[in-house]
Amino acid sequence: LDRCEHAILLLITIRRNKMVTFYTKSTCPDCFRAKMEMEIRSISFKEISLDENPELIKELKAEGFRQIPVIKSPKGSFTGYDREKILALA
């Protein structure tokens with residue numbers, strides 16, 4: 001790999017490690033608010049719809065989560081709309 005290709009791969013790896021996973025439902029107002037906050041702050045995230053993946057609800061409950069949205073990142077995980085915690089993801 002040349003230097004440019006190596007730099008690109010390094011950037012991709014760094015971004016992946018910082019990736020936020022965001023579990024939502026279409027009828028959830030806090031999910032909408034959290035999503036808008038992350039988009040405004042240019043926080044990269046992968047959105048997973050629990051409407052489309054209901055089997056994940058059991059897994060999230062087994063992990064101790066009891067409300068949505070569920071937001072997981074390398075910095076930690078939390079539920080609900082918490083502006084301060086979202087800002088800490090940036």
# chains A, B, ... in the order shown; residues from 1 in each chain; ligands from 1
>>> select_by_dssp(residues="chain A", states="alpha helix (DSSP H)", output="PyMOL selection string")
chain A and resi 3-17+29-40+55-62+83-89
>>> write_last_selection(atoms="N, CA and C atoms", output="tab-separated table (two decimals), in the first residue's frame")
chain	number	residue	atom	x	y	z
A	3	ARG	N	1.30	5.44	0.75
A	3	ARG	CA	0.96	6.26	1.93
A	3	ARG	C	-0.49	6.72	1.92
A	4	CYS	N	-0.98	7.10	0.75
A	4	CYS	CA	-2.35	7.58	0.63
A	4	CYS	C	-3.35	6.48	0.98
A	5	GLU	N	-3.14	5.29	0.43
A	5	GLU	CA	-4.02	4.16	0.73
A	5	GLU	C	-3.96	3.80	2.21
A	6	HIS	N	-2.77	3.83	2.78
A	6	HIS	CA	-2.61	3.53	4.20
A	6	HIS	C	-3.36	4.55	5.06
A	7	ALA	N	-3.27	5.82	4.69
A	7	ALA	CA	-3.96	6.89	5.43
A	7	ALA	C	-5.48	6.71	5.35
A	8	ILE	N	-5.97	6.34	4.20
A	8	ILE	CA	-7.41	6.11	4.03
A	8	ILE	C	-7.86	4.94	4.89
A	9	LEU	N	-7.12	3.86	4.88
A	9	LEU	CA	-7.49	2.70	5.71
A	9	LEU	C	-7.46	3.05	7.19
A	10	LEU	N	-6.49	3.85	7.59
A	10	LEU	CA	-6.40	4.28	8.98
A	10	LEU	C	-7.61	5.12	9.36
A	11	LEU	N	-8.01	6.04	8.50
A	11	LEU	CA	-9.19	6.87	8.76
A	11	LEU	C	-10.45	6.03	8.88
A	12	ILE	N	-10.60	5.06	8.00
A	12	ILE	CA	-11.77	4.17	8.04
A	12	ILE	C	-11.79	3.40	9.36
A	13	THR	N	-10.65	2.90	9.78
A	13	THR	CA	-10.56	2.16	11.04
A	13	THR	C	-10.92	3.05	12.22
A	14	ILE	N	-10.41	4.27	12.24
A	14	ILE	CA	-10.71	5.20	13.33
A	14	ILE	C	-12.20	5.51	13.36
A	15	ARG	N	-12.79	5.79	12.21
A	15	ARG	CA	-14.22	6.10	12.15
A	15	ARG	C	-15.06	4.91	12.61
A	16	ARG	N	-14.68	3.70	12.22
A	16	ARG	CA	-15.42	2.52	12.64
A	16	ARG	C	-15.40	2.36	14.15
A	17	ASN	N	-14.23	2.60	14.74
A	17	ASN	CA	-14.10	2.45	16.18
A	17	ASN	C	-14.90	3.51	16.94
A	29	PRO	N	-40.74	9.53	19.88
A	29	PRO	CA	-40.33	10.93	19.76
A	29	PRO	C	-38.91	11.18	20.27
A	30	ASP	N	-38.47	10.46	21.31
A	30	ASP	CA	-37.10	10.64	21.80
A	30	ASP	C	-36.08	10.13	20.78
A	31	CYS	N	-36.45	9.11	20.01
A	31	CYS	CA	-35.57	8.60	18.96
A	31	CYS	C	-35.37	9.69	17.91
A	32	PHE	N	-36.46	10.34	17.52
A	32	PHE	CA	-36.39	11.42	16.53
A	32	PHE	C	-35.51	12.55	17.04
A	33	ARG	N	-35.70	12.96	18.29
A	33	ARG	CA	-34.92	14.06	18.86
A	33	ARG	C	-33.43	13.70	18.92
A	34	ALA	N	-33.13	12.48	19.37
A	34	ALA	CA	-31.73	12.04	19.47
A	34	ALA	C	-31.08	11.99	18.09
A	35	LYS	N	-31.83	11.49	17.12
A	35	LYS	CA	-31.30	11.40	15.76
A	35	LYS	C	-31.00	12.79	15.20
A	36	MET	N	-31.91	13.72	15.39
A	36	MET	CA	-31.69	15.09	14.92
A	36	MET	C	-30.47	15.72	15.59
A	37	GLU	N	-30.32	15.49	16.90
A	37	GLU	CA	-29.17	16.04	17.64
A	37	GLU	C	-27.87	15.48	17.09
A	38	MET	N	-27.83	14.17	16.83
A	38	MET	CA	-26.60	13.56	16.30
A	38	MET	C	-26.31	14.06	14.89
A	39	GLU	N	-27.34	14.23	14.08
A	39	GLU	CA	-27.12	14.74	12.72
A	39	GLU	C	-26.62	16.18	12.75
A	40	ILE	N	-27.20	17.02	13.61
A	40	ILE	CA	-26.76	18.42	13.72
A	40	ILE	C	-25.30	18.48	14.15
A	55	GLU	N	-36.56	-8.85	16.61
A	55	GLU	CA	-35.83	-9.87	17.38
A	55	GLU	C	-34.73	-9.25	18.24
A	56	LEU	N	-34.29	-8.06	17.89
A	56	LEU	CA	-33.23	-7.38	18.66
A	56	LEU	C	-33.74	-6.84	20.00
A	57	ILE	N	-35.06	-6.69	20.12
A	57	ILE	CA	-35.63	-6.17	21.37
A	57	ILE	C	-35.27	-7.09	22.53
A	58	LYS	N	-35.37	-8.39	22.33
A	58	LYS	CA	-35.02	-9.36	23.38
A	58	LYS	C	-33.56	-9.23	23.78
A	59	GLU	N	-32.69	-9.05	22.78
A	59	GLU	CA	-31.26	-8.90	23.06
A	59	GLU	C	-30.99	-7.64	23.87
A	60	LEU	N	-31.62	-6.55	23.50
A	60	LEU	CA	-31.42	-5.30	24.23
A	60	LEU	C	-31.95	-5.41	25.66
A	61	LYS	N	-33.10	-6.06	25.83
A	61	LYS	CA	-33.64	-6.27	27.18
A	61	LYS	C	-32.71	-7.13	28.01
A	62	ALA	N	-32.11	-8.15	27.38
A	62	ALA	CA	-31.17	-9.03	28.08
A	62	ALA	C	-29.93	-8.26	28.53
A	83	ARG	N	-29.28	14.93	25.99
A	83	ARG	CA	-28.49	15.84	25.16
A	83	ARG	C	-27.02	15.88	25.57
A	84	GLU	N	-26.75	15.92	26.86
A	84	GLU	CA	-25.37	15.99	27.35
A	84	GLU	C	-24.57	14.75	26.94
A	85	LYS	N	-25.19	13.59	27.04
A	85	LYS	CA	-24.49	12.36	26.65
A	85	LYS	C	-24.29	12.31	25.14
A	86	ILE	N	-25.27	12.81	24.39
A	86	ILE	CA	-25.11	12.86	22.93
A	86	ILE	C	-23.96	13.80	22.56
A	87	LEU	N	-23.91	14.96	23.20
A	87	LEU	CA	-22.83	15.92	22.91
A	87	LEU	C	-21.47	15.33	23.23
A	88	ALA	N	-21.39	14.46	24.25
A	88	ALA	CA	-20.12	13.82	24.62
A	88	ALA	C	-19.65	12.85	23.55
A	89	LEU	N	-20.53	12.43	22.66
A	89	LEU	CA	-20.17	11.50	21.58
A	89	LEU	C	-19.40	12.20	20.47
>>> select_by_dssp(residues="chain A", states="strand (DSSP E or B)", output="list in words")
Val20, Thr21, Phe22, Tyr23, Thr24, Phe45, Lys46, Glu47, Ile48, Ser49, Val70, Ile71, Lys72, Ser73, Gly76, Ser77, Phe78 and Thr79 of chain A
>>> atom_distance(atom1="atom CA of A:Ala90", atom2="atom CA of A:Thr27")
25.7 Å
>>> atom_distance(atom1="atom CA of A:Phe78", atom2="atom CA of A:Ser42")
18.9 Å
>>> closest_atom_pairs(of="stretch 39-85 of chain A", to="stretch 23-26 of chain A", cutoff="10 Å", atoms="only C-alpha atoms", output="CSV")
residue,atom,partner,partner_atom,distance
A:Lys46,CA,A:Tyr23,CA,8.5
A:Glu47,CA,A:Tyr23,CA,6.0
A:Ile48,CA,A:Tyr23,CA,4.8
A:Ser49,CA,A:Thr24,CA,5.0
A:Leu50,CA,A:Lys25,CA,5.4
A:Asp51,CA,A:Lys25,CA,5.6
A:Glu52,CA,A:Lys25,CA,8.7
A:Asn53,CA,A:Tyr23,CA,9.7
A:Pro54,CA,A:Lys25,CA,9.7
A:Leu56,CA,A:Tyr23,CA,9.1
A:Ile57,CA,A:Tyr23,CA,9.3
A:Leu60,CA,A:Tyr23,CA,9.2
A:Gln67,CA,A:Thr24,CA,9.9
A:Ile68,CA,A:Thr24,CA,6.4
A:Pro69,CA,A:Thr24,CA,5.1
A:Val70,CA,A:Tyr23,CA,5.1
A:Ile71,CA,A:Tyr23,CA,6.4
A:Lys72,CA,A:Tyr23,CA,8.5
A:Thr79,CA,A:Tyr23,CA,9.4
>>> write_last_selection(atoms="N, CA and C atoms", output="mmCIF file, in the first residue's frame")
data_model
loop_
_atom_site.group_PDB
_atom_site.id
_atom_site.type_symbol
_atom_site.label_atom_id
_atom_site.label_comp_id
_atom_site.auth_asym_id
_atom_site.auth_seq_id
_atom_site.Cartn_x
_atom_site.Cartn_y
_atom_site.Cartn_z
ATOM 1 N N LYS A 46 -24.923 4.414 13.048
ATOM 2 C CA LYS A 46 -25.622 3.385 12.282
ATOM 3 C C LYS A 46 -26.976 3.214 12.955
ATOM 4 N N GLU A 47 -28.036 3.484 12.223
ATOM 5 C CA GLU A 47 -29.386 3.370 12.782
ATOM 6 C C GLU A 47 -29.926 1.969 12.520
ATOM 7 N N ILE A 48 -30.430 1.352 13.577
ATOM 8 C CA ILE A 48 -31.048 0.036 13.464
ATOM 9 C C ILE A 48 -32.494 0.167 13.921
ATOM 10 N N SER A 49 -33.402 -0.095 13.009
ATOM 11 C CA SER A 49 -34.827 0.017 13.296
ATOM 12 C C SER A 49 -35.317 -1.237 14.016
ATOM 13 N N LEU A 50 -35.898 -1.034 15.187
ATOM 14 C CA LEU A 50 -36.478 -2.162 15.913
ATOM 15 C C LEU A 50 -37.826 -2.551 15.322
ATOM 16 N N ASP A 51 -38.415 -1.660 14.509
ATOM 17 C CA ASP A 51 -39.626 -2.016 13.768
ATOM 18 C C ASP A 51 -39.298 -3.102 12.744
ATOM 19 N N GLU A 52 -38.140 -2.954 12.100
ATOM 20 C CA GLU A 52 -37.714 -3.893 11.067
ATOM 21 C C GLU A 52 -36.945 -5.086 11.630
ATOM 22 N N ASN A 53 -36.440 -4.965 12.850
ATOM 23 C CA ASN A 53 -35.639 -6.022 13.487
ATOM 24 C C ASN A 53 -36.154 -6.289 14.904
ATOM 25 N N PRO A 54 -37.415 -6.723 15.050
ATOM 26 C CA PRO A 54 -37.993 -6.892 16.387
ATOM 27 C C PRO A 54 -37.276 -7.935 17.250
ATOM 28 N N LEU A 56 -34.286 -8.056 17.886
ATOM 29 C CA LEU A 56 -33.234 -7.385 18.661
ATOM 30 C C LEU A 56 -33.740 -6.837 19.996
ATOM 31 N N ILE A 57 -35.058 -6.687 20.125
ATOM 32 C CA ILE A 57 -35.629 -6.169 21.371
ATOM 33 C C ILE A 57 -35.275 -7.092 22.532
ATOM 34 N N LEU A 60 -31.623 -6.552 23.501
ATOM 35 C CA LEU A 60 -31.419 -5.296 24.232
ATOM 36 C C LEU A 60 -31.947 -5.407 25.663
ATOM 37 N N GLN A 67 -35.739 1.077 27.683
ATOM 38 C CA GLN A 67 -36.418 2.113 26.911
ATOM 39 C C GLN A 67 -35.606 2.404 25.655
ATOM 40 N N ILE A 68 -36.224 3.145 24.735
ATOM 41 C CA ILE A 68 -35.550 3.526 23.515
ATOM 42 C C ILE A 68 -35.514 5.042 23.429
ATOM 43 N N PRO A 69 -34.639 5.600 22.657
ATOM 44 C CA PRO A 69 -33.616 4.908 21.879
ATOM 45 C C PRO A 69 -32.534 4.314 22.768
ATOM 46 N N VAL A 70 -31.862 3.316 22.224
ATOM 47 C CA VAL A 70 -30.645 2.778 22.844
ATOM 48 C C VAL A 70 -29.495 3.277 21.987
ATOM 49 N N ILE A 71 -28.537 3.913 22.636
ATOM 50 C CA ILE A 71 -27.392 4.476 21.928
ATOM 51 C C ILE A 71 -26.136 3.841 22.498
ATOM 52 N N LYS A 72 -25.409 3.120 21.637
ATOM 53 C CA LYS A 72 -24.178 2.431 22.048
ATOM 54 C C LYS A 72 -22.996 3.048 21.309
ATOM 55 N N THR A 79 -29.728 5.095 27.288
ATOM 56 C CA THR A 79 -31.050 5.063 26.671
ATOM 57 C C THR A 79 -31.708 6.431 26.802
#
>>> closest_residue(among="A:Ile43, A:Ser77, A:Val20, A:Asp82", to="A:Glu63", atoms="only C-alpha atoms")
A:Ser77
